[in-house]
file final.cif (mmCIF, C-alpha atoms and all ligand atoms)
data_run
#
loop_
_atom_site.label_atom_id
_atom_site.label_comp_id
_atom_site.auth_asym_id
_atom_site.auth_seq_id
_atom_site.Cartn_x
_atom_site.Cartn_y
_atom_site.Cartn_z
CA VAL A 33 31.40 16.21 -13.09
CA ALA A 34 30.37 12.66 -13.89
CA SER A 35 31.03 10.33 -11.03
CA GLY A 36 32.78 7.00 -11.54
CA PHE A 37 29.43 5.25 -11.53
CA PHE A 38 27.99 7.40 -14.29
CA ARG A 39 31.12 7.14 -16.40
CA LYS A 40 30.91 3.38 -16.01
CA LEU A 41 27.22 3.47 -16.85
CA LEU A 42 27.70 5.57 -19.98
CA GLY A 43 30.64 3.45 -21.03
CA SER A 44 28.75 0.20 -20.53
CA ARG A 45 25.62 1.02 -22.55
CA ASP A 46 27.08 -0.41 -25.74
CA ARG A 47 28.12 -3.66 -24.18
CA LEU A 48 25.17 -4.69 -22.10
CA PRO A 49 24.88 -8.44 -21.58
CA ARG A 50 22.57 -10.45 -23.82
CA ALA A 51 19.73 -10.63 -21.25
CA PHE A 52 19.61 -6.81 -21.06
CA ALA A 53 19.79 -6.39 -24.85
CA ASP A 54 16.93 -8.91 -25.26
CA ALA A 55 14.89 -7.11 -22.61
CA ILE A 56 15.42 -3.75 -24.32
CA ALA A 57 14.36 -5.21 -27.69
CA GLU A 58 11.23 -6.60 -26.02
CA LEU A 59 10.45 -3.18 -24.50
CA ASP A 60 10.84 -1.49 -27.91
CA GLU A 61 8.40 -4.00 -29.36
CA LEU A 62 5.97 -3.43 -26.46
CA ALA A 63 6.12 0.36 -26.89
CA ARG A 64 5.40 -0.08 -30.61
CA THR A 65 2.59 -2.61 -30.42
CA ARG A 66 0.84 -1.80 -27.11
CA PRO A 67 0.24 1.97 -26.95
CA SER A 68 -1.29 1.75 -23.45
CA LEU A 69 2.05 0.39 -22.15
CA ALA A 70 4.31 2.63 -24.22
CA ASP A 71 5.15 5.11 -21.43
CA SER A 72 5.96 2.39 -18.90
CA ALA A 73 7.96 0.42 -21.48
CA ARG A 74 10.04 3.47 -22.45
CA MET A 75 10.70 4.34 -18.81
CA LEU A 76 11.91 0.84 -17.97
CA ARG A 77 14.05 0.85 -21.12
CA ASP A 78 15.77 3.94 -19.78
CA ILE A 79 16.16 2.49 -16.27
CA LEU A 80 17.55 -0.94 -17.27
CA PRO A 81 21.14 0.08 -18.10
CA ALA A 82 21.48 1.49 -14.56
CA LEU A 83 20.65 -1.96 -13.20
CA HIS A 84 23.54 -3.64 -14.92
CA ASP A 85 26.67 -3.58 -12.85
CA ASP A 86 29.02 -6.51 -12.66
CA THR A 87 31.91 -4.53 -11.25
CA GLN A 88 30.76 -4.43 -7.64
CA PRO A 89 31.84 -7.23 -5.36
CA THR A 90 28.84 -9.10 -4.00
CA PRO A 91 28.43 -8.56 -0.29
CA HIS A 92 28.62 -11.77 1.61
CA ALA A 93 25.62 -12.53 3.81
CA GLN A 94 26.88 -13.54 7.24
CA LEU A 95 25.20 -16.91 7.38
CA THR A 96 26.55 -20.34 8.21
CA ALA A 97 24.98 -23.36 6.54
CA GLU A 98 23.63 -24.37 9.94
CA SER A 99 21.90 -21.07 10.68
CA ALA A 100 20.58 -20.88 7.10
CA HIS A 101 18.98 -24.29 7.45
CA ALA A 102 17.54 -23.39 10.84
CA ARG A 103 16.03 -20.18 9.45
CA LEU A 104 14.44 -21.89 6.47
CA ALA A 105 13.07 -24.70 8.66
CA ASP A 106 11.48 -22.05 10.92
CA GLY A 107 10.02 -20.12 7.96
CA ILE A 108 12.40 -17.17 8.45
CA PRO A 109 13.78 -15.58 5.26
CA LEU A 110 17.56 -15.88 5.01
CA LEU A 111 18.29 -12.14 5.00
CA ARG A 112 15.75 -11.16 7.67
CA GLY A 113 17.46 -8.75 10.05
CA LEU A 114 20.95 -9.41 8.68
CA GLN A 115 23.38 -6.59 8.08
CA LEU A 116 24.59 -6.55 4.50
CA ASP A 117 27.98 -5.02 4.10
CA CYS A 118 26.95 -3.11 0.96
CA ASP A 119 28.64 -0.25 -0.84
CA ALA A 120 26.55 2.77 0.19
CA ALA A 121 28.07 5.00 -2.53
CA THR A 122 27.06 2.61 -5.33
CA LEU A 123 23.51 2.35 -3.97
CA ARG A 124 23.29 6.12 -3.78
CA GLU A 125 24.54 6.60 -7.35
CA ARG A 126 22.17 3.96 -8.70
CA TRP A 127 19.26 5.58 -6.83
CA LEU A 128 20.08 8.90 -8.52
CA ALA A 129 20.35 7.21 -11.95
CA VAL A 130 16.98 5.45 -11.54
CA CYS A 131 15.31 8.67 -10.32
CA ALA A 132 16.76 10.59 -13.28
CA ALA A 133 15.35 7.99 -15.71
CA VAL A 134 11.91 8.19 -14.04
CA GLU A 135 11.96 11.99 -14.31
CA ARG A 136 12.68 11.85 -18.03
CA HIS A 137 9.45 9.98 -18.71
CA PRO A 138 6.18 11.74 -18.26
CA PRO A 139 3.73 10.83 -16.89
CA GLY A 140 6.29 9.36 -14.48
CA LYS A 141 5.91 11.09 -11.16
CA PRO A 142 8.47 13.79 -10.47
CA ALA A 143 11.38 12.20 -8.70
CA SER A 144 13.24 15.42 -7.93
CA ALA A 145 12.23 15.27 -4.24
CA LEU A 146 13.74 11.77 -4.03
CA ILE A 147 16.92 12.97 -5.70
CA ARG A 148 17.14 15.88 -3.25
CA ALA A 149 16.45 13.68 -0.23
CA VAL A 150 19.41 11.44 -1.03
CA ARG A 151 21.75 14.25 -2.21
CA THR A 152 21.23 16.18 1.01
CA GLY A 153 21.65 13.07 3.13
CA ALA A 154 18.09 13.30 4.50
CA VAL A 155 17.67 9.70 3.31
CA SER A 156 20.22 6.93 3.15
CA VAL A 157 19.46 4.20 0.61
CA ALA A 158 21.38 1.65 2.69
CA GLU A 159 19.22 2.47 5.73
CA LEU A 160 16.01 2.08 3.71
CA LEU A 161 17.27 -1.27 2.47
CA MET A 162 17.84 -2.37 6.07
CA GLU A 163 14.18 -1.58 6.85
CA VAL A 164 13.11 -3.92 4.03
CA LEU A 165 15.45 -6.69 5.19
CA ALA A 166 14.22 -6.26 8.75
CA GLY A 167 10.72 -7.11 7.47
CA ARG A 168 9.49 -3.53 7.96
CA PRO A 169 8.58 -2.23 4.49
CA GLU A 170 6.17 0.11 6.26
CA GLY A 171 9.27 1.77 7.77
CA VAL A 172 10.20 2.94 4.26
CA ALA A 173 6.71 4.41 3.76
CA SER A 174 6.73 6.24 7.09
CA ARG A 175 10.24 7.62 6.44
CA ALA A 176 9.03 8.90 3.04
CA GLU A 177 5.93 10.45 4.57
CA THR A 178 7.96 12.19 7.26
CA LEU A 179 10.09 13.76 4.52
CA GLY A 180 7.05 14.64 2.40
CA ILE A 181 8.11 12.44 -0.52
CA ASP A 182 5.89 10.08 -2.50
CA ALA A 183 5.83 6.79 -0.53
CA PRO A 184 4.85 4.34 -3.33
CA LEU A 185 7.39 5.94 -5.69
CA THR A 186 10.06 5.72 -2.97
CA ALA A 187 9.32 2.00 -2.53
CA THR A 188 9.55 1.38 -6.30
CA ILE A 189 12.80 3.31 -6.72
CA LEU A 190 14.27 1.55 -3.69
CA ARG A 191 13.31 -1.86 -5.09
CA LEU A 192 14.91 -1.17 -8.47
CA THR A 193 18.00 0.40 -6.90
CA CYS A 194 18.66 -2.58 -4.64
CA LEU A 195 17.66 -5.29 -7.11
CA PRO A 196 21.10 -5.90 -8.72
CA LEU A 197 22.75 -6.13 -5.29
CA LEU A 198 20.11 -8.38 -3.73
CA ALA A 199 19.90 -10.58 -6.84
CA ALA A 200 23.63 -11.21 -6.57
CA VAL A 201 23.30 -11.99 -2.85
CA ALA A 202 20.30 -14.29 -3.51
CA ALA A 203 22.23 -16.11 -6.25
CA GLY A 204 25.10 -16.62 -3.80
CA LEU A 205 22.70 -18.16 -1.27
CA GLU A 206 21.15 -20.52 -3.84
CA PRO A 207 23.33 -23.56 -2.97
CA LEU A 208 22.42 -23.23 0.73
CA ARG A 209 18.76 -22.83 -0.14
CA ARG A 210 18.62 -25.82 -2.42
CA GLN A 211 19.33 -28.11 0.53
CA CYS A 212 16.16 -27.10 2.36
CA ALA A 213 12.45 -27.13 1.64
CA TRP A 214 10.52 -23.84 1.71
CA ASP A 215 6.77 -24.05 2.00
CA HIS A 216 5.66 -20.41 2.11
CA GLY A 217 4.23 -17.86 -0.31
CA PHE A 218 6.78 -15.16 0.63
CA CYS A 219 10.37 -15.06 -0.59
CA PRO A 220 12.78 -17.39 1.25
CA VAL A 221 15.62 -14.89 0.81
CA CYS A 222 14.17 -11.45 1.59
CA GLY A 223 10.60 -12.17 2.77
CA SER A 224 8.77 -10.15 0.08
CA TRP A 225 5.58 -11.29 -1.63
CA PRO A 226 6.07 -12.61 -5.18
CA LEU A 227 6.16 -10.17 -8.09
CA LEU A 228 4.84 -12.89 -10.38
CA GLY A 229 5.01 -16.61 -10.94
CA GLU A 230 6.20 -18.83 -13.76
CA PHE A 231 4.74 -22.00 -15.20
CA ARG A 232 8.00 -23.49 -16.35
CA GLY A 233 8.77 -25.93 -19.12
CA LEU A 234 6.65 -28.77 -20.37
CA GLU A 235 5.68 -29.83 -16.86
CA GLN A 236 4.30 -26.35 -16.12
CA ALA A 237 5.48 -26.58 -12.53
CA ARG A 238 4.73 -23.40 -10.61
CA THR A 239 7.64 -21.23 -9.48
CA LEU A 240 7.21 -17.87 -7.75
CA ARG A 241 9.62 -15.00 -8.39
CA CYS A 242 10.61 -12.21 -6.03
CA GLY A 243 10.73 -8.67 -7.44
CA VAL A 244 13.05 -7.47 -4.65
CA CYS A 245 15.86 -10.05 -4.92
CA ALA A 246 14.81 -12.06 -8.04
CA ALA A 247 14.90 -15.35 -6.08
CA SER A 248 12.64 -18.17 -7.25
CA TRP A 249 10.90 -20.87 -5.24
CA ASP A 250 8.52 -23.68 -6.07
CA PHE A 251 4.93 -23.40 -4.89
CA PRO A 252 1.90 -25.69 -5.42
CA ARG A 253 -0.44 -24.69 -8.22
CA ILE A 254 -3.58 -25.16 -6.14
CA ARG A 255 -2.72 -22.92 -3.21
CA CYS A 256 -2.81 -19.19 -2.50
CA PRO A 257 0.67 -17.77 -1.70
CA PHE A 258 -0.87 -15.09 0.53
CA CYS A 259 -3.32 -17.00 2.76
CA ASP A 260 -2.43 -20.65 1.99
CA THR A 261 -6.00 -21.48 0.98
CA HIS A 262 -6.07 -24.63 -1.10
CA ASP A 263 -9.82 -24.82 -1.61
CA PRO A 264 -10.19 -25.04 -5.41
CA HIS A 265 -13.57 -23.28 -5.17
CA GLN A 266 -11.85 -20.15 -3.82
CA LEU A 267 -9.03 -20.16 -6.37
CA GLY A 268 -9.38 -19.11 -9.98
CA TYR A 269 -7.75 -17.43 -12.93
CA LEU A 270 -8.24 -14.19 -14.82
CA HIS A 271 -6.95 -13.76 -18.34
CA ALA A 272 -7.48 -11.66 -21.43
CA GLU A 273 -9.13 -13.34 -24.37
CA GLY A 274 -6.76 -15.62 -26.24
CA GLU A 275 -3.91 -15.11 -23.73
CA GLN A 276 -4.65 -17.84 -21.20
CA ASP A 277 -1.76 -20.05 -22.29
CA ARG A 278 0.72 -17.22 -21.90
CA TRP A 279 -0.36 -14.82 -19.15
CA ARG A 280 -2.90 -15.29 -16.36
CA ALA A 281 -3.61 -13.90 -12.90
CA ALA A 282 -4.16 -16.58 -10.25
CA THR A 283 -6.78 -15.16 -7.90
CA CYS A 284 -7.98 -16.08 -4.41
CA ASP A 285 -11.49 -15.25 -3.23
CA ALA A 286 -10.60 -16.04 0.39
CA CYS A 287 -8.08 -13.17 0.83
CA ARG A 288 -8.71 -11.30 -2.48
CA GLY A 289 -5.01 -11.67 -3.34
CA TYR A 290 -3.68 -12.44 -6.81
CA VAL A 291 -0.40 -13.28 -8.46
CA LYS A 292 0.34 -12.96 -12.16
CA MET A 293 1.48 -16.20 -13.80
CA VAL A 294 3.45 -16.41 -17.03
CA ALA A 295 4.36 -19.43 -19.14
CA CYS A 296 8.08 -19.73 -19.92
CA LEU A 297 10.62 -22.38 -20.80
CA ASP A 298 13.26 -21.38 -18.24
CA ALA A 299 13.59 -18.93 -15.37
CA LEU A 300 13.23 -15.34 -16.58
CA PRO A 301 16.56 -13.51 -16.26
CA LEU A 302 16.41 -10.39 -14.06
CA PRO A 303 15.81 -7.77 -16.82
CA ARG A 304 13.10 -9.90 -18.42
CA LEU A 305 11.42 -10.37 -15.05
CA LEU A 306 10.90 -6.58 -14.98
CA VAL A 307 9.82 -6.46 -18.62
CA THR A 308 7.26 -9.21 -18.05
CA ASP A 309 5.83 -7.30 -15.10
CA VAL A 310 5.25 -4.31 -17.42
CA ALA A 311 3.93 -6.48 -20.28
CA THR A 312 1.28 -7.95 -17.95
CA MET A 313 0.09 -4.67 -16.42
CA HIS A 314 -3.31 -5.21 -18.02
CA LEU A 315 -3.74 -8.18 -15.65
CA ASP A 316 -3.06 -5.90 -12.65
CA LEU A 317 -5.81 -3.58 -13.87
CA ALA A 318 -8.22 -6.46 -14.52
CA ALA A 319 -7.51 -7.92 -11.06
CA ALA A 320 -7.99 -4.54 -9.36
CA ASP A 321 -11.28 -4.08 -11.25
CA ARG A 322 -12.52 -7.29 -9.69
CA GLY A 323 -11.36 -6.29 -6.21
CA HIS A 324 -8.13 -8.31 -6.06
CA PHE A 325 -4.94 -6.87 -4.60
CA VAL A 326 -1.36 -8.07 -4.09
CA GLY A 327 -0.44 -9.26 -0.61
ZN ZN B 401 13.24 -11.83 -2.31
ZN ZN B 402 -5.63 -16.12 -0.50
#

call {"tool": "encode", "arguments": {"input": "final.cif", "output": "structure tokens"}}
result
Amino acid sequence: VASGFFRKLLGSRDRLPRAFADAIAELDELARTRPSLADSARMLRDILPALHDDTQPTPHAQLTAESAHARLADGIPLLRGLQLDCDAATLRERWLAVCAAVERHPPGKPASALIRAVRTGAVSVAELLMEVLAGRPEGVASRAETLGIDAPLTATILRLTCLPLLAAVAAGLEPLRRQCAWDHGFCPVCGSWPLLGEFRGLEQARTLRCGVCAASWDFPRIRCPFCDTHDPHQLGYLHAEGEQDRWRAATCDACRGYVKMVACLDALPLPRLLVTDVATMHLDLAAADRGHFVG
């Protein structure tokens, strides 16, 4: 019997918002023109509709303006250690939908163990989310290992499952955030390292984007988000031939970190943020080949 969530999901496929429709068109084009990315593009295409849900009320983060400002001034992400009053049933259903999409796409790793873990109640998605917000992503990995499920896959499915919820929370916190400076390489909302960065508009100012809550924050061009090095001799770029104006990886020789940078006119909407991450996977491989790693 289809649950309410799945009925909603099936019913909403034909009327996805413009940003999702654009992202799906971009994934179709990627699958057609870049055979090495075709499997990843098709998988994300299948996952995306599960990430659209505008029917859930956004949980309100219990933060006063005063405590938000104090946190940001102290370099503490806004959601660190906060309880989010989220709808556990919706998270659970979305987890199952994302796992099912992953399973449909070989060589995607089998997600049946993750489906079972949540169905039997061995894992609670809301509890895993609390580990992330507490600044303990390693807690998710150790929970997965205890249950004998794939830890990196668990982290990816958890990130995608919670993204719509956290993006809505982050958007709600935007007015509070705009009043305060943030001078760190990790996300001011959830504390994660950036998924990628944008060189926006004609000015090409650098903005980092979080892949866990989709927040964006400005960050100097000549500085490493991971170790704060600003020695230009340690910082560099990697790019494929002819692509340097569009996609690059900003690398740091001091900590061996890197962050992918993309040129865009405006902030990438949430679905296109995920598409761009897939479209630039060749930069992840090139960076890894040269001994660079994220975070
Ligand atoms: Zn974040
Ligand atoms: Zn560094």

call {"tool": "residues_near_ligand", "arguments": {"input": "final.cif", "ligand": "ligand ZN 402 (chain B)", "cutoff": "7 Å", "atoms": "all atoms listed in the file", "output": "list in words"}}
result
Cys256, Pro257, Phe258, Cys259, Asp260, Thr261, Cys284, Asp285, Ala286, Cys287, Arg288 and Gly289 of chain A

call {"tool": "residues_around", "arguments": {"input": "final.cif", "residues": "Pro138 (chain A)", "least_positions_apart": "5", "cutoff": "12 Å", "atoms": "only C-alpha atoms", "output": "JSON, numbers by chain"}}
result
{"A": [70, 71, 72, 73, 74, 75, 132, 133, 143]}

call {"tool": "residues_around", "arguments": {"input": "final.cif", "residues": "region 249-251 of chain A", "least_positions_apart": "5", "cutoff": "6 Å", "atoms": "all atoms listed in the file", "output": "number ranges by chain"}}
result
A: 238-240

call {"tool": "write_last_selection", "arguments": {"input": "final.cif", "atoms": "C-alpha atoms", "output": "PDB file, in the frame of the given file"}}
result
ATOM      1  CA  ARG A 238       4.730 -23.400 -10.610  1.00  0.00           C
ATOM      2  CA  THR A 239       7.640 -21.230  -9.480  1.00  0.00           C
ATOM      3  CA  LEU A 240       7.210 -17.870  -7.750  1.00  0.00           C
TER       4      LEU A 240
END

call {"tool": "atom_distance", "arguments": {"input": "final.cif", "atom1": "CA of Gln115 (chain A)", "atom2": "CA of Leu195 (chain A)"}}
result
16.3 Å

call {"tool": "closest_residue", "arguments": {"input": "final.cif", "among": "A:Ala295, A:Leu197, A:Ala97, A:Ala213", "to": "ligand ZN 401 (chain B)", "atoms": "only C-alpha atoms and all ligand atoms"}}
result
A:Leu197

call {"tool": "axis_aligned_box", "arguments": {"input": "final.cif", "around": "region 251-260 of chain A", "padding_each_side": "5 Å", "output": "lines of an AutoDock Vina configuration file"}}
result
center_x = 0.7
center_y = -20.4
center_z = -2.7
size_x = 18.5
size_y = 20.6
size_z = 21.0

call {"tool": "closest_residue", "arguments": {"input": "final.cif", "among": "A:Gly204, A:Pro109, A:Gly323, A:Pro301", "to": "ligand ZN 401 (chain B)", "atoms": "only C-alpha atoms and all ligand atoms"}}
result
A:Pro109

call {"tool": "residues_near_ligand", "arguments": {"input": "final.cif", "ligand": "ligand ZN 401 (chain B)", "cutoff": "12 Å", "atoms": "only C-alpha atoms and all ligand atoms", "output": "PyMOL selection string"}}
result
chain A and resi 109-112+164-165+167+191+194-203+205-206+217-228+240-249

call {"tool": "write_last_selection", "arguments": {"input": "final.cif", "atoms": "C-alpha atoms", "output": "compact mmCIF listing (two decimals), keeping the file's coordinate frame"}}
result
# COMPACT_ATOMS: atom_id res chain seq x y z
CA PRO A 109 13.78 -15.58 5.26
CA LEU A 110 17.56 -15.88 5.01
CA LEU A 111 18.29 -12.14 5.00
CA ARG A 112 15.75 -11.16 7.67
CA VAL A 164 13.11 -3.92 4.03
CA LEU A 165 15.45 -6.69 5.19
CA GLY A 167 10.72 -7.11 7.47
CA ARG A 191 13.31 -1.86 -5.09
CA CYS A 194 18.66 -2.58 -4.64
CA LEU A 195 17.66 -5.29 -7.11
CA PRO A 196 21.10 -5.90 -8.72
CA LEU A 197 22.75 -6.13 -5.29
CA LEU A 198 20.11 -8.38 -3.73
CA ALA A 199 19.90 -10.58 -6.84
CA ALA A 200 23.63 -11.21 -6.57
CA VAL A 201 23.30 -11.99 -2.85
CA ALA A 202 20.30 -14.29 -3.51
CA ALA A 203 22.23 -16.11 -6.25
CA LEU A 205 22.70 -18.16 -1.27
CA GLU A 206 21.15 -20.52 -3.84
CA GLY A 217 4.23 -17.86 -0.31
CA PHE A 218 6.78 -15.16 0.63
CA CYS A 219 10.37 -15.06 -0.59
CA PRO A 220 12.78 -17.39 1.25
CA VAL A 221 15.62 -14.89 0.81
CA CYS A 222 14.17 -11.45 1.59
CA GLY A 223 10.60 -12.17 2.77
CA SER A 224 8.77 -10.15 0.08
CA TRP A 225 5.58 -11.29 -1.63
CA PRO A 226 6.07 -12.61 -5.18
CA LEU A 227 6.16 -10.17 -8.09
CA LEU A 228 4.84 -12.89 -10.38
CA LEU A 240 7.21 -17.87 -7.75
CA ARG A 241 9.62 -15.00 -8.39
CA CYS A 242 10.61 -12.21 -6.03
CA GLY A 243 10.73 -8.67 -7.44
CA VAL A 244 13.05 -7.47 -4.65
CA CYS A 245 15.86 -10.05 -4.92
CA ALA A 246 14.81 -12.06 -8.04
CA ALA A 247 14.90 -15.35 -6.08
CA SER A 248 12.64 -18.17 -7.25
CA TRP A 249 10.90 -20.87 -5.24

call {"tool": "closest_residue", "arguments": {"input": "final.cif", "among": "A:Gly229, A:Val326, A:Ile181, A:Arg77", "to": "Leu300 (chain A)", "atoms": "only C-alpha atoms"}}
result
A:Gly229

call {"tool": "closest_residue", "arguments": {"input": "final.cif", "among": "A:Arg175, A:Arg304, A:His314, A:Lys292", "to": "Ala57 (chain A)", "atoms": "only C-alpha atoms"}}
result
A:Arg304

call {"tool": "atom_distance", "arguments": {"input": "final.cif", "atom1": "CA of Pro252 (chain A)", "atom2": "CA of Thr283 (chain A)"}}
result
13.9 Å

call {"tool": "closest_residue", "arguments": {"input": "final.cif", "among": "A:Glu170, A:Asp78, A:Glu61, A:Asp86", "to": "Pro49 (chain A)", "atoms": "all atoms listed in the file"}}
result
A:Asp86

call {"tool": "residues_around", "arguments": {"input": "final.cif", "residues": "Glu273 (chain A)", "least_positions_apart": "4", "cutoff": "12 Å", "atoms": "only C-alpha atoms", "output": "MDAnalysis selection string"}}
result
chainID A and resid 277:280 314:315

call {"tool": "closest_residue", "arguments": {"input": "final.cif", "among": "A:Leu305, A:Arg47, A:Ala100, A:Ile108", "to": "Ala166 (chain A)", "atoms": "all atoms listed in the file"}}
result
A:Ile108

call {"tool": "atom_distance", "arguments": {"input": "final.cif", "atom1": "CA of Asp309 (chain A)", "atom2": "CA of Glu163 (chain A)"}}
result
24.2 Å

call {"tool": "decode", "arguments": {"input": "final.cif", "residues": "region 111-137 of chain A", "atoms": "N, CA and C atoms", "output": "PDB file, in the first residue's frame"}}
result
ATOM      1  N   LEU A 111      23.064  25.740  13.856  1.00  0.00           N
ATOM      2  CA  LEU A 111      22.284  24.554  14.262  1.00  0.00           C
ATOM      3  C   LEU A 111      23.064  23.592  15.162  1.00  0.00           C
ATOM      4  N   ARG A 112      24.310  23.923  15.471  1.00  0.00           N
ATOM      5  CA  ARG A 112      25.131  22.998  16.255  1.00  0.00           C
ATOM      6  C   ARG A 112      24.458  22.642  17.590  1.00  0.00           C
ATOM      7  N   GLY A 113      24.149  21.347  17.734  1.00  0.00           N
ATOM      8  CA  GLY A 113      23.594  20.858  18.995  1.00  0.00           C
ATOM      9  C   GLY A 113      22.144  21.224  19.233  1.00  0.00           C
ATOM     10  N   LEU A 114      21.493  21.880  18.280  1.00  0.00           N
ATOM     11  CA  LEU A 114      20.083  22.236  18.488  1.00  0.00           C
ATOM     12  C   LEU A 114      19.188  21.044  18.164  1.00  0.00           C
ATOM     13  N   GLN A 115      18.079  20.956  18.841  1.00  0.00           N
ATOM     14  CA  GLN A 115      17.067  19.957  18.507  1.00  0.00           C
ATOM     15  C   GLN A 115      16.172  20.553  17.436  1.00  0.00           C
ATOM     16  N   LEU A 116      16.022  19.834  16.329  1.00  0.00           N
ATOM     17  CA  LEU A 116      15.074  20.294  15.317  1.00  0.00           C
ATOM     18  C   LEU A 116      13.813  19.472  15.484  1.00  0.00           C
ATOM     19  N   ASP A 117      12.714  20.164  15.549  1.00  0.00           N
ATOM     20  CA  ASP A 117      11.452  19.466  15.745  1.00  0.00           C
ATOM     21  C   ASP A 117      10.959  18.981  14.375  1.00  0.00           C
ATOM     22  N   CYS A 118      11.641  17.922  13.835  1.00  0.00           N
ATOM     23  CA  CYS A 118      11.321  17.518  12.465  1.00  0.00           C
ATOM     24  C   CYS A 118      10.339  16.346  12.441  1.00  0.00           C
ATOM     25  N   ASP A 119       9.711  16.172  11.305  1.00  0.00           N
ATOM     26  CA  ASP A 119       8.727  15.118  11.133  1.00  0.00           C
ATOM     27  C   ASP A 119       9.452  13.806  10.805  1.00  0.00           C
ATOM     28  N   ALA A 120       9.573  12.934  11.810  1.00  0.00           N
ATOM     29  CA  ALA A 120      10.363  11.710  11.655  1.00  0.00           C
ATOM     30  C   ALA A 120       9.794  10.817  10.544  1.00  0.00           C
ATOM     31  N   ALA A 121       8.453  10.796  10.395  1.00  0.00           N
ATOM     32  CA  ALA A 121       7.843   9.923   9.386  1.00  0.00           C
ATOM     33  C   ALA A 121       8.226  10.369   7.980  1.00  0.00           C
ATOM     34  N   THR A 122       8.245  11.685   7.744  1.00  0.00           N
ATOM     35  CA  THR A 122       8.618  12.190   6.410  1.00  0.00           C
ATOM     36  C   THR A 122      10.073  11.858   6.103  1.00  0.00           C
ATOM     37  N   LEU A 123      10.953  12.031   7.099  1.00  0.00           N
ATOM     38  CA  LEU A 123      12.367  11.705   6.885  1.00  0.00           C
ATOM     39  C   LEU A 123      12.530  10.228   6.538  1.00  0.00           C
ATOM     40  N   ARG A 124      11.794   9.397   7.250  1.00  0.00           N
ATOM     41  CA  ARG A 124      11.881   7.957   7.042  1.00  0.00           C
ATOM     42  C   ARG A 124      11.423   7.593   5.628  1.00  0.00           C
ATOM     43  N   GLU A 125      10.291   8.165   5.212  1.00  0.00           N
ATOM     44  CA  GLU A 125       9.763   7.875   3.873  1.00  0.00           C
ATOM     45  C   GLU A 125      10.712   8.368   2.789  1.00  0.00           C
ATOM     46  N   ARG A 126      11.300   9.539   3.012  1.00  0.00           N
ATOM     47  CA  ARG A 126      12.214  10.067   1.987  1.00  0.00           C
ATOM     48  C   ARG A 126      13.476   9.208   1.918  1.00  0.00           C
ATOM     49  N   TRP A 127      13.953   8.769   3.076  1.00  0.00           N
ATOM     50  CA  TRP A 127      15.109   7.846   3.112  1.00  0.00           C
ATOM     51  C   TRP A 127      14.829   6.616   2.262  1.00  0.00           C
ATOM     52  N   LEU A 128      13.638   6.020   2.447  1.00  0.00           N
ATOM     53  CA  LEU A 128      13.281   4.812   1.693  1.00  0.00           C
ATOM     54  C   LEU A 128      13.187   5.112   0.196  1.00  0.00           C
ATOM     55  N   ALA A 129      12.668   6.299  -0.169  1.00  0.00           N
ATOM     56  CA  ALA A 129      12.547   6.659  -1.590  1.00  0.00           C
ATOM     57  C   ALA A 129      13.931   6.859  -2.210  1.00  0.00           C
ATOM     58  N   VAL A 130      14.845   7.502  -1.474  1.00  0.00           N
ATOM     59  CA  VAL A 130      16.194   7.732  -2.004  1.00  0.00           C
ATOM     60  C   VAL A 130      16.927   6.394  -2.146  1.00  0.00           C
ATOM     61  N   CYS A 131      16.804   5.534  -1.128  1.00  0.00           N
ATOM     62  CA  CYS A 131      17.440   4.198  -1.191  1.00  0.00           C
ATOM     63  C   CYS A 131      16.911   3.410  -2.393  1.00  0.00           C
ATOM     64  N   ALA A 132      15.596   3.471  -2.608  1.00  0.00           N
ATOM     65  CA  ALA A 132      14.996   2.713  -3.711  1.00  0.00           C
ATOM     66  C   ALA A 132      15.557   3.214  -5.039  1.00  0.00           C
ATOM     67  N   ALA A 133      15.725   4.536  -5.183  1.00  0.00           N
ATOM     68  CA  ALA A 133      16.275   5.098  -6.428  1.00  0.00           C
ATOM     69  C   ALA A 133      17.722   4.644  -6.612  1.00  0.00           C
ATOM     70  N   VAL A 134      18.502   4.615  -5.532  1.00  0.00           N
ATOM     71  CA  VAL A 134      19.901   4.172  -5.619  1.00  0.00           C
ATOM     72  C   VAL A 134      19.955   2.712  -6.064  1.00  0.00           C
ATOM     73  N   GLU A 135      19.064   1.899  -5.512  1.00  0.00           N
ATOM     74  CA  GLU A 135      19.044   0.467  -5.846  1.00  0.00           C
ATOM     75  C   GLU A 135      18.723   0.200  -7.309  1.00  0.00           C
ATOM     76  N   ARG A 136      17.935   1.112  -7.898  1.00  0.00           N
ATOM     77  CA  ARG A 136      17.517   0.895  -9.293  1.00  0.00           C
ATOM     78  C   ARG A 136      18.634   1.163 -10.279  1.00  0.00           C
ATOM     79  N   HIS A 137      19.763   1.689  -9.798  1.00  0.00           N
ATOM     80  CA  HIS A 137      20.794   2.131 -10.737  1.00  0.00           C
ATOM     81  C   HIS A 137      22.143   1.487 -10.522  1.00  0.00           C
TER      82      HIS A 137
END
